[in-house]
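Novice: Let me begin by handing over the structure; questions about it come next.
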Amino acid sequence: MRKTGTMMHRLFTMTLCLFIFTALAVTQGISDAQVMQYVQQAQQQGLSQTQMAADLMRRGVTREQVERLKKQYDEMQKGSTTSNSQTGSSRMRNLPSTASSRRINAGLSTSLTQPGDSLVENDSLQMLPPKMPGKLIYGHNFFNNQALTFEPNLNIATPVDYRLGPGDEVIIDIWGDSQSTIRQIITPEGNIIIDNLGPVYLNGMTVDQAKAYLQKALSRIYSTISDSGTQIQLSLGQTRTISVNVMGEVVVPGTYQLSAFATLFHALYSAGGVTEIGSLRAVKVMRDGKQTASVDVYSYMMNGKQTDNIRLQEGDVIMVPTYQALVNIGGKVKRPMFYEVRKGETVRDVLDYAGGFTGDAYTKAVRVIRLSGREKQIYNVDDARYADFDLADADSIAVDSVLDRFENKVEILGAVYRPGLYQLGEDVQTVKQLIAKAEGLKGDAFTNRVELQREHEDLTLEVIPIDLRGDYPDIRLQKNDLLYIPSIHDLQEQQTLTIRGFVARAGTYLYAKQMSIEDLIVQAGGLLEAASTARIDVSRRIKQPEAVSSENALAKSFSFEMKNGMIPGGETFFLEPFDEVYVRRSPAYAAQENVYITGEVLFGGPYALKKKNQRLSELVADAGGLTPDAFQKGARLIRKRTEIEMKREEDALRMAQRSAKDSIDVELLNISPTYTVGIDLEKALSVGGEYDVVLHEGDSLYVPELISTVKISGAVMYPNTVTYKPGEKLGYYIDMAGGFGEEAKKGKAYIVYMNGTVARASRYRASVIQPGCEIIVPTKENRNPVSVTQMVTLGTSVATMGAVIMSLINSLK
């Protein structure tokens, strides 16, 4: 079954190919028998379907023709037939689009073996394999660029040297005393047939010659032509196609059907351009067995000479020989690549082909490497020999870049108005001239010692000191000299002043001479509201550059008092570099500190502390006192942790981590920013003293209303909330929760009150139970009992240890 299917598949493929080839052949005038004979011979020769299609393509098959034939084939498959005849009286010249059908595109599919494949859809006209990447030769991509077709222009007047031939459509317009139009196609015999006149031979005549001849011939039937009563005009309609042969080193050599207006370049384009070894410098056109022209395509590409793009005639043979010499030029030229050179062409010619030197090229000489047949040879060709140094095949020209150095440079840097590079020449030859060229010294120039750095021929450096003070001796400059004029600021540490404390923008500022404390305070944005004017301190460094021993003193201190924005006596005290100014906080300054009271008070909300050590009772009094529903014993005070308290809590946790048996991750512990202060508001208001707690900024006092329930939680049978019953002891409430659980620590129960205090629960005291409290019964630790296996292991270890000890005792006897 598989073999039968394969045979059917091959038969179907062959039938499809034969149909396509037959359709193409009929279009170009090839009979079915000729196509069958061609296919049989091609199969016997082992040609592939790609090669078959390529051979038919050379005979003038166009993409438009193939698309038209495909459409006909599709309609035939559907059982319909259409007529492809075209009629009309258009006088436009029709050019077969042979160029577009003969382009060589890499990577296109050439398969015709799958059933249903389309010759058009698979671009099977693009038959040749992709051109392998090789040398980049100038001009070789000129005739395989799809943006260029070189198709002749059909919208121009018929050239005067155009000769008529079989296949040309002749249009004869007659007007005047008689009016008529004659449209005839010149027969293979060279004639046109005119009614009442018979055959008129026009083959080989130019348009002007044919017009004169027809005027004489038509005068036989139009008598008024001779006396100018009747005029005739001869023009061309559809032009004929001509057959030309393109041979030699082209991508697709063969015979091509081209327009009668086609030129040499169009024929080269139709053949896919030249191969890698093809020549563009000596393309020969053979006509009637003789050489008509030898075309140098470079003259057109370089100079635009259209005279070399000659018009072809029927039977012309175009020969593309191999190149004579191929030269590579690389380096600093505008178009580095391979160029074809003819005998007698020189380095200058190739440089012109390459577009000349780039801006950074070394133009004094080039390097030529030549293959002598045995070894390589190298020639250093200077610019005087560019025009007479003949090139040979495979020569390689290298153009170097300029050296990365200057031949006439001097440089000046530092305290001048225009530092930079300068030309060493007539205007700048000495140090004084260079400084003058840089528009002179700046005011901060340190002229005591200027450095002239000089580079010698052996690339060693020398520093020449120069004193620019007074009438100094002028020094002559050399190339690559560097003159450095330092600034006085470059030779010392950057001088600053620092101001700290209660100013708007404390920080470091640049030092300026005769700068006062007030000036620095102004630069710092002025004093803050909390700043003290009673004392401003200045700290000054101890500077003794000539000291040979150390001293105990570290700094000098000065204190000042400011009145009305000025420092009395400060007009004689100026800051020195690196002084530090300290603006202190006023001891009497205090910003508002707020506390909060909410709950069962008359006027709850925030209140400002009036004084230090203000107490709870005073806050309650400010809030208008408690309401009748207030539960004083349940009042709770929430306090914010200070930074010092937060740090202390973290340190305590770290200590616990080091000492605890189990590791504690301090990062995972959430240290609350607030905490509860246990208070007794009832005693604070009635007794005072230590019960009346001193308030801190941010404290929040909450006075709840009476809550008449008690909550029981922890290790009880049924955690519950029950109504508070005065006089009842702990056992009553435990019973209300179903009693103790199995794991309960009965003697460790404790009570948490609403005010945040905690007390140990007593079975015998009823006073410990208050409304709103919570009784918590803790759970015993979960101790894992020792299993039998662990006991056996422990016993074995003890016995082993005993044996070891006995051995040691025996060895010591």
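Identifiers in the structure tokens: chain A, B, ... in order shown; residue index from 1 per chain; ligand index from 1 in order shown.
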With region 675-695 of chain A as the partner and 10 Å as the cut-off, tabulate the residues of region 550-637 of chain A that qualify, each row holding the nearest pair of atoms and their distance in Å to one decimal, using only C-alpha atoms, sorted by chain and rising number, as a Markdown table.
Specialist:
| residue | atom | partner | partner_atom | distance |
| --- | --- | --- | --- | --- |
| A:Asn594 | CA | A:Leu695 | CA | 9.9 |
| A:Val595 | CA | A:Leu695 | CA | 7.8 |
| A:Leu609 | CA | A:Leu695 | CA | 8.3 |
| A:Lys612 | CA | A:Leu695 | CA | 8.5 |
| A:Asn613 | CA | A:Val694 | CA | 5.3 |
| A:Gln614 | CA | A:Val694 | CA | 5.6 |
| A:Arg615 | CA | A:Val694 | CA | 4.4 |
| A:Leu616 | CA | A:Asp692 | CA | 5.7 |
| A:Ser617 | CA | A:Leu685 | CA | 5.6 |
| A:Glu618 | CA | A:Leu685 | CA | 9.1 |
| A:Leu619 | CA | A:Leu695 | CA | 8.7 |
| A:Val620 | CA | A:Leu685 | CA | 8.7 |
| A:Ala621 | CA | A:Leu685 | CA | 9.6 |
| A:Phe631 | CA | A:Glu682 | CA | 8.8 |
| A:Gln632 | CA | A:Glu682 | CA | 5.2 |
| A:Lys633 | CA | A:Asp680 | CA | 5.8 |
| A:Gly634 | CA | A:Asp680 | CA | 7.9 |
| A:Ala635 | CA | A:Leu681 | CA | 6.2 |
| A:Arg636 | CA | A:Ile679 | CA | 6.7 |
| A:Leu637 | CA | A:Val677 | CA | 5.4 |
Novice: Restricting the output to C-alpha atoms, write the selected residues as an mmCIF file, in the first residue's frame.
Specialist:
data_model
loop_
_atom_site.group_PDB
_atom_site.id
_atom_site.type_symbol
_atom_site.label_atom_id
_atom_site.label_comp_id
_atom_site.auth_asym_id
_atom_site.auth_seq_id
_atom_site.Cartn_x
_atom_site.Cartn_y
_atom_site.Cartn_z
ATOM 1 C CA ASN A 594 -0.326 67.540 74.902
ATOM 2 C CA VAL A 595 -2.048 64.786 76.857
ATOM 3 C CA LEU A 609 0.391 70.465 80.058
ATOM 4 C CA LYS A 612 6.124 70.179 84.677
ATOM 5 C CA ASN A 613 5.029 67.426 87.070
ATOM 6 C CA GLN A 614 1.354 67.971 86.268
ATOM 7 C CA ARG A 615 -0.701 65.084 87.714
ATOM 8 C CA LEU A 616 -3.753 62.965 86.899
ATOM 9 C CA SER A 617 -6.083 64.817 89.228
ATOM 10 C CA GLU A 618 -5.267 68.115 87.557
ATOM 11 C CA LEU A 619 -6.046 66.678 84.108
ATOM 12 C CA VAL A 620 -9.413 65.371 85.377
ATOM 13 C CA ALA A 621 -10.145 68.770 86.875
ATOM 14 C CA PHE A 631 -15.882 53.566 86.820
ATOM 15 C CA GLN A 632 -12.818 55.042 88.519
ATOM 16 C CA LYS A 633 -11.095 51.767 89.353
ATOM 17 C CA GLY A 634 -11.176 50.775 85.687
ATOM 18 C CA ALA A 635 -9.436 53.920 84.403
ATOM 19 C CA ARG A 636 -6.385 53.137 82.266
ATOM 20 C CA LEU A 637 -3.362 55.305 81.381
#
Novice: Tell me, as a PyMOL selection string, which residues lie within 9 Å of Phe603 (chain A), counting only C-alpha atoms; anything in the same chain fewer than 3 positions away does not count.
Specialist: chain A and resi 597-598+600+622-625
Novice: Between A:Asp427, A:Glu375, A:Glu697, A:Asp316, which residue has the minimum interatomic distance to Gln592 (chain A), considering only C-alpha atoms?
Specialist: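 Of A:Asp427, A:Glu375, A:Glu697, A:Asp316, the one nearest Gln592 (chain A) is A:Glu697, counting only C-alpha atoms.
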Novice: Quick one: everything within 8 Å of Asn448 (chain A), counting only C-alpha atoms, minus sequence neighbours fewer than 5 positions away in the same chain. Send it as an MDAnalysis selection string.
Specialist: chainID A and resid 466:469
Novice: Write down as JSON, numbers by chain the residues of region 311-521 of chain A whose backbone DSSP state falls under strand (DSSP E or B).
Specialist: {"A": [311, 317, 318, 319, 320, 322, 325, 326, 327, 328, 329, 330, 331, 333, 337, 338, 339, 340, 341, 346, 357, 361, 365, 366, 367, 368, 369, 370, 371, 376, 377, 378, 379, 380, 381, 382, 390, 396, 397, 398, 399, 401, 409, 410, 411, 412, 413, 414, 416, 420, 421, 422, 423, 430, 441, 445, 450, 451, 452, 453, 454, 455, 461, 462, 463, 464, 465, 466, 476, 482, 483, 484, 485, 487, 496, 497, 498, 499, 500, 501, 503, 507, 508, 509, 510]}
Novice: Let me see the file: selected residues, C-alpha atoms, as a compact mmCIF listing (two decimals), in the first residue's frame.
Specialist:
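Generated file (selection_11.txt):
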# COMPACT_ATOMS: atom_id res chain seq x y z
CA ARG A 311 20.86 49.28 -27.17
CA VAL A 317 25.62 37.94 -27.91
CA ILE A 318 26.83 39.42 -24.62
CA MET A 319 30.06 37.92 -23.33
CA VAL A 320 31.10 38.47 -19.73
CA THR A 322 36.55 36.60 -16.10
CA ALA A 325 42.84 41.59 -11.84
CA LEU A 326 41.06 42.00 -8.52
CA VAL A 327 42.55 44.28 -5.89
CA ASN A 328 41.47 44.67 -2.28
CA ILE A 329 41.78 48.01 -0.50
CA GLY A 330 41.15 48.36 3.22
CA GLY A 331 41.74 50.70 6.10
CA VAL A 333 39.22 54.79 2.80
CA MET A 337 36.25 46.47 -0.67
CA PHE A 338 37.52 44.57 -3.74
CA TYR A 339 37.84 46.43 -7.02
CA GLU A 340 38.44 45.13 -10.52
CA VAL A 341 41.34 46.81 -12.24
CA THR A 346 47.47 52.29 -10.57
CA PHE A 357 40.82 58.80 1.97
CA ALA A 361 43.80 58.54 7.01
CA ALA A 365 51.99 56.49 1.86
CA VAL A 366 50.10 53.24 1.50
CA ARG A 367 51.18 49.66 1.92
CA VAL A 368 50.77 47.13 -0.92
CA ILE A 369 51.05 43.39 -0.32
CA ARG A 370 51.59 41.28 -3.45
CA LEU A 371 51.65 37.56 -4.10
CA LYS A 376 54.44 37.49 -0.39
CA GLN A 377 56.01 40.84 -1.16
CA ILE A 378 55.38 44.19 0.49
CA TYR A 379 55.77 47.63 -1.05
CA ASN A 380 55.58 50.97 0.71
CA VAL A 381 54.22 53.34 -1.92
CA ASP A 382 54.52 57.05 -1.12
CA ASP A 390 50.83 49.53 -11.46
CA SER A 396 46.07 44.19 -1.24
CA ILE A 397 46.30 47.90 -0.38
CA ALA A 398 46.28 49.01 3.25
CA VAL A 399 45.71 52.63 4.28
CA SER A 401 45.41 56.08 10.15
CA LYS A 409 50.80 71.25 20.03
CA VAL A 410 51.47 73.04 23.31
CA GLU A 411 49.08 73.16 26.24
CA ILE A 412 48.45 75.52 29.12
CA LEU A 413 46.41 74.66 32.21
CA GLY A 414 45.57 76.24 35.54
CA VAL A 416 44.61 81.41 33.08
CA GLY A 420 43.62 74.45 26.51
CA LEU A 421 45.59 73.41 23.43
CA TYR A 422 47.42 75.90 21.24
CA GLN A 423 49.33 75.79 17.99
CA THR A 430 57.68 81.13 24.12
CA LEU A 441 46.87 85.10 34.37
CA ALA A 445 47.58 82.53 40.05
CA VAL A 450 55.09 77.48 37.61
CA GLU A 451 55.81 74.08 36.09
CA LEU A 452 56.73 73.48 32.45
CA GLN A 453 56.44 69.77 31.70
CA ARG A 454 58.48 68.72 28.67
CA GLU A 455 58.55 65.44 26.79
CA LEU A 461 59.54 63.74 31.08
CA GLU A 462 61.27 66.76 32.57
CA VAL A 463 59.78 69.44 34.85
CA ILE A 464 61.20 72.93 34.45
CA PRO A 465 60.27 75.35 37.30
CA ILE A 466 59.61 78.95 36.34
CA ARG A 476 61.31 78.83 24.17
CA LEU A 482 52.57 71.55 29.06
CA LEU A 483 52.61 74.76 31.11
CA TYR A 484 50.80 74.44 34.45
CA ILE A 485 50.08 77.59 36.46
CA SER A 487 46.06 78.59 41.78
CA THR A 496 35.17 75.85 55.54
CA LEU A 497 33.10 76.89 58.54
CA THR A 498 30.61 74.75 60.46
CA ILE A 499 27.56 75.85 62.41
CA ARG A 500 25.56 73.51 64.62
CA GLY A 501 22.53 73.69 66.86
CA VAL A 503 19.65 77.39 63.23
CA GLY A 507 25.91 72.48 58.22
CA THR A 508 29.22 73.39 56.57
CA TYR A 509 29.81 76.57 54.56
CA LEU A 510 32.75 77.99 52.59
Novice: Hey, which of A:Glu551, A:Pro253, A:Gly315, A:Thr358 ends up closest to Pro336 (chain A)? Count only C-alpha atoms.
Specialist: A:Thr358
Novice: Please determine, counting only C-alpha atoms, which residue among A:Arg220, A:Arg348, A:Lys610, A:His140 has the shortest atom-to-atom distance to Val297 (chain A).
Specialist: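 Closest candidate: A:His140.
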